[in-house]
Structure formats: structure tokens, C-alpha cells
Amino acid sequence: MTDTSDPIHRACDFYVFGGERDLVALNRRLHSQEVWSPWPDFLTAFASNGCGDYFAYDTRQSPALVIYIGPDGTPEEQLADPEALRYDSFDEWYESQMERHTCSRCGSREVRFGASKDKQWLLRVCPACGFQEQTDAIDL
């Protein structure tokens, strides 16, 4: 995942060793007293949506599960929540993140987002095949 051309780097903030988004520095901070609720040692964050939330490995079992730790609440509260977003593997998480970036016509993972000409819709646009589809209405 250190290959910055991998489309996962467009789908989320993906942390790597020694990069701009440094995996080690992030986890040191999340496990320290710098945060209002330090993380337990068995959680290792590796990605974020950029709003104070993280996807983390839960290393209490092997293979490690991936769990979503949102910005509202402590990691312990979210681990105890049976409704918390969880994935059985990294591959399952990866595919879920890439789903909205994958063209439904040609399968390219290079889908970009933009506004429709009338600024009413968010469009998914595939540069590989030119396919465009509306996703969500834009509230102005």
C-alpha cells in the first residue's frame, strides 16, 4: 500500500511508514495522552476519512479485524457497540472503500467526482470509458 498510485490513496487518507501521512506518528499520538481518550494497545489506525475518524486493525485476533472508530465517543465505547462498522479482513475493507470509486460499466477504479453542468447533482465520472452517472443531489 506504499504505492501512491493505488486508488485507495484517493478513496481515503491512507497512512504509510514514513510518508506524508506517517503510520507510526499517527499511532503514537492516538495511544498517547495527547488525545482525550487514548487508544488501547491492540488498535492500530491505518486510514481515515479525514474528519477525526479512523479505520483500525483490532489485533486481538488473527487475522486482525478492521473496525471503524468514529470521532464521537471513545474507542472502548465503539468497540462495545454491536452496530459499529466492522470488516472481517483488510481485503473486505479495501473493497468497501473502492466500491464508490469503481466504474459500474467498465470496472475501472479511476472514477472521479464532479458537479453536473446545472450544479444539481454530484456525478461519478469514469475517465477510462466516459461513463457518467448521478449520485446525490447537491443541496445549495
# chains A, B, ... in the order shown; residues from 1 in each chain; ligands from 1
>>> residues_around(residues="A:Gly70", least_positions_apart="2", cutoff="12 Å", atoms="only C-alpha atoms", output="list in words")
Ala45, Ala47, Ser48, Asn49, Gly50, Cys51, Gly52, Asp53, Tyr54, Phe55, Ala56, Ile67, Tyr68, Asp72, Gly73, Thr74, Pro75, Glu76, Glu77, Gln78, Leu79, Asp81, Ala84, Leu85 and Arg86 of chain A
>>> residues_around(residues="A:Ala128", least_positions_apart="6", cutoff="8 Å", atoms="only C-alpha atoms", output="MDAnalysis selection string")
chainID A and resid 106 108 110
>>> write_last_selection(atoms="N, CA and C atoms", output="compact mmCIF listing (two decimals), in the first residue's frame")
# COMPACT_ATOMS: atom_id res chain seq x y z
N CYS A 106 -17.26 -0.28 -16.73
CA CYS A 106 -16.02 -0.92 -17.21
C CYS A 106 -15.14 -1.50 -16.09
N SER A 108 -13.18 0.16 -14.05
CA SER A 108 -12.02 0.99 -13.73
C SER A 108 -12.17 1.54 -12.31
N GLU A 110 -10.72 4.31 -11.39
CA GLU A 110 -10.25 5.69 -11.54
C GLU A 110 -11.39 6.70 -11.52
>>> closest_residue(among="A:Thr44, A:Pro82, A:Ser104, A:Tyr15", to="A:Leu30", atoms="only C-alpha atoms")
A:Thr44
>>> select_by_dssp(residues="chain A", states="strand (DSSP E or B)", output="ChimeraX atom specification")
/A:13-14,16,22,43-48,54-58,65-69,86-87,112-115,121-125,132-137
>>> select_by_dssp(residues="chain A", states="helix (DSSP H, G or I)", output="PyMOL selection string")
chain A and resi 8-11+23-30+75-80+90-101
>>> atom_distance(atom1="atom CA of A:Glu99", atom2="atom CA of A:Val16")
21.7 Å
>>> closest_residue(among="A:Trp121, A:Tyr87, A:Phe46, A:Trp36", to="A:Pro63", atoms="only C-alpha atoms")
A:Tyr87
>>> closest_atom_pairs(of="stretch 59-109 of chain A", to="stretch 4-14 of chain A", cutoff="9 Å", atoms="only C-alpha atoms", output="tab-separated table")
residue	atom	partner	partner_atom	distance
A:Tyr94	CA	A:Ile8	CA	7.5
A:Gln97	CA	A:Ala11	CA	6.4
A:Met98	CA	A:Ala11	CA	6.6
A:Arg100	CA	A:Ala11	CA	8.5
A:His101	CA	A:Ala11	CA	7.0
A:Arg109	CA	A:Pro7	CA	6.6
>>> write_last_selection(atoms="N, CA and C atoms", output="compact mmCIF listing (two decimals), in the first residue's frame")
# COMPACT_ATOMS: atom_id res chain seq x y z
N TYR A 94 -10.96 -2.87 2.05
CA TYR A 94 -10.44 -2.24 0.83
C TYR A 94 -11.54 -2.19 -0.24
N GLN A 97 -14.20 0.39 0.46
CA GLN A 97 -13.74 1.75 0.21
C GLN A 97 -13.67 2.06 -1.28
N MET A 98 -13.34 1.05 -2.07
CA MET A 98 -13.17 1.25 -3.51
C MET A 98 -14.49 1.18 -4.28
N ARG A 100 -17.30 2.87 -4.36
CA ARG A 100 -17.81 4.11 -4.98
C ARG A 100 -16.84 4.71 -5.98
N HIS A 101 -15.60 4.22 -6.00
CA HIS A 101 -14.59 4.70 -6.95
C HIS A 101 -14.41 3.74 -8.13
N ARG A 109 -11.06 1.66 -11.62
CA ARG A 109 -11.07 2.23 -10.27
C ARG A 109 -10.56 3.66 -10.27
>>> residues_around(residues="A:Ala137", least_positions_apart="5", cutoff="10 Å", atoms="only C-alpha atoms", output="PyMOL selection string")
chain A and resi 115-116+119-123
>>> decode(residues="stretch 20-112 of chain A", atoms="C-alpha atoms", output="compact mmCIF listing (two decimals), in the first residue's frame")
# COMPACT_ATOMS: atom_id res chain seq x y z
CA GLU A 20 3.27 12.44 4.48
CA ARG A 21 0.65 10.51 6.45
CA ASP A 22 3.02 8.65 8.76
CA LEU A 23 1.54 5.49 10.26
CA VAL A 24 3.93 5.36 13.22
CA ALA A 25 3.49 9.02 14.19
CA LEU A 26 -0.30 8.74 13.96
CA ASN A 27 -0.45 5.70 16.21
CA ARG A 28 1.98 7.17 18.74
CA ARG A 29 -0.34 10.16 19.03
CA LEU A 30 -3.55 8.09 19.26
CA HIS A 31 -2.07 5.92 22.01
CA SER A 32 -0.68 8.88 23.99
CA GLN A 33 -2.15 11.35 26.45
CA GLU A 34 -2.28 13.93 23.59
CA VAL A 35 -5.78 12.67 22.73
CA TRP A 36 -8.76 12.93 25.07
CA SER A 37 -9.24 9.15 25.14
CA PRO A 38 -6.01 7.25 24.41
CA TRP A 39 -6.43 4.14 22.31
CA PRO A 40 -5.86 0.63 23.68
CA ASP A 41 -2.63 -1.03 22.54
CA PHE A 42 -4.44 -3.62 20.38
CA LEU A 43 -5.81 -0.98 17.96
CA THR A 44 -3.64 0.23 15.09
CA ALA A 45 -5.05 3.00 12.89
CA PHE A 46 -4.18 2.87 9.19
CA ALA A 47 -6.74 5.06 7.34
CA SER A 48 -9.18 7.93 7.84
CA ASN A 49 -11.97 9.75 6.05
CA GLY A 50 -10.32 12.99 7.19
CA CYS A 51 -12.81 14.07 9.85
CA GLY A 52 -11.22 12.72 13.04
CA ASP A 53 -12.33 9.17 12.35
CA TYR A 54 -10.11 6.15 11.70
CA PHE A 55 -10.13 2.63 10.39
CA ALA A 56 -8.02 0.43 12.63
CA TYR A 57 -6.81 -3.12 12.94
CA ASP A 58 -8.10 -4.88 16.05
CA THR A 59 -5.13 -7.16 16.69
CA ARG A 60 -6.71 -9.21 19.48
CA GLN A 61 -7.28 -11.97 16.94
CA SER A 62 -5.59 -13.25 13.82
CA PRO A 63 -6.26 -12.30 11.16
CA ALA A 64 -6.98 -8.85 12.53
CA LEU A 65 -10.44 -7.39 12.10
CA VAL A 66 -10.84 -3.84 10.80
CA ILE A 67 -13.08 -1.56 12.85
CA TYR A 68 -14.28 1.98 12.27
CA ILE A 69 -13.52 4.34 15.17
CA GLY A 70 -15.58 7.48 14.72
CA PRO A 71 -14.88 10.92 16.18
CA ASP A 72 -17.85 10.80 18.56
CA GLY A 73 -17.08 8.60 21.52
CA THR A 74 -14.19 6.65 22.95
CA PRO A 75 -12.62 3.67 21.21
CA GLU A 76 -13.89 1.46 24.06
CA GLU A 77 -17.48 2.64 23.52
CA GLN A 78 -17.26 1.91 19.82
CA LEU A 79 -15.63 -1.49 20.35
CA ALA A 80 -18.51 -2.43 22.67
CA ASP A 81 -21.15 -1.23 20.18
CA PRO A 82 -22.55 -4.21 18.25
CA GLU A 83 -23.67 -1.79 15.50
CA ALA A 84 -20.14 -0.43 14.92
CA LEU A 85 -18.85 -0.79 11.38
CA ARG A 86 -16.52 -3.81 11.17
CA TYR A 87 -14.82 -5.79 8.42
CA ASP A 88 -13.54 -9.36 8.65
CA SER A 89 -10.35 -8.54 6.76
CA PHE A 90 -8.31 -5.80 5.15
CA ASP A 91 -9.43 -7.04 1.72
CA GLU A 92 -13.10 -6.67 2.68
CA TRP A 93 -12.43 -3.14 3.96
CA TYR A 94 -10.44 -2.24 0.83
CA GLU A 95 -13.23 -3.36 -1.50
CA SER A 96 -15.82 -1.42 0.52
CA GLN A 97 -13.74 1.75 0.21
CA MET A 98 -13.17 1.25 -3.51
CA GLU A 99 -16.81 0.49 -4.36
CA ARG A 100 -17.81 4.11 -4.98
CA HIS A 101 -14.59 4.70 -6.95
CA THR A 102 -15.20 1.75 -9.29
CA CYS A 103 -16.99 2.29 -12.61
CA SER A 104 -20.14 0.18 -12.84
CA ARG A 105 -19.70 -0.09 -16.61
CA CYS A 106 -16.02 -0.92 -17.21
CA GLY A 107 -14.69 -1.73 -13.70
CA SER A 108 -12.02 0.99 -13.73
CA ARG A 109 -11.07 2.23 -10.27
CA GLU A 110 -10.25 5.69 -11.54
CA VAL A 111 -13.75 7.18 -11.07
CA ARG A 112 -13.73 10.88 -10.17
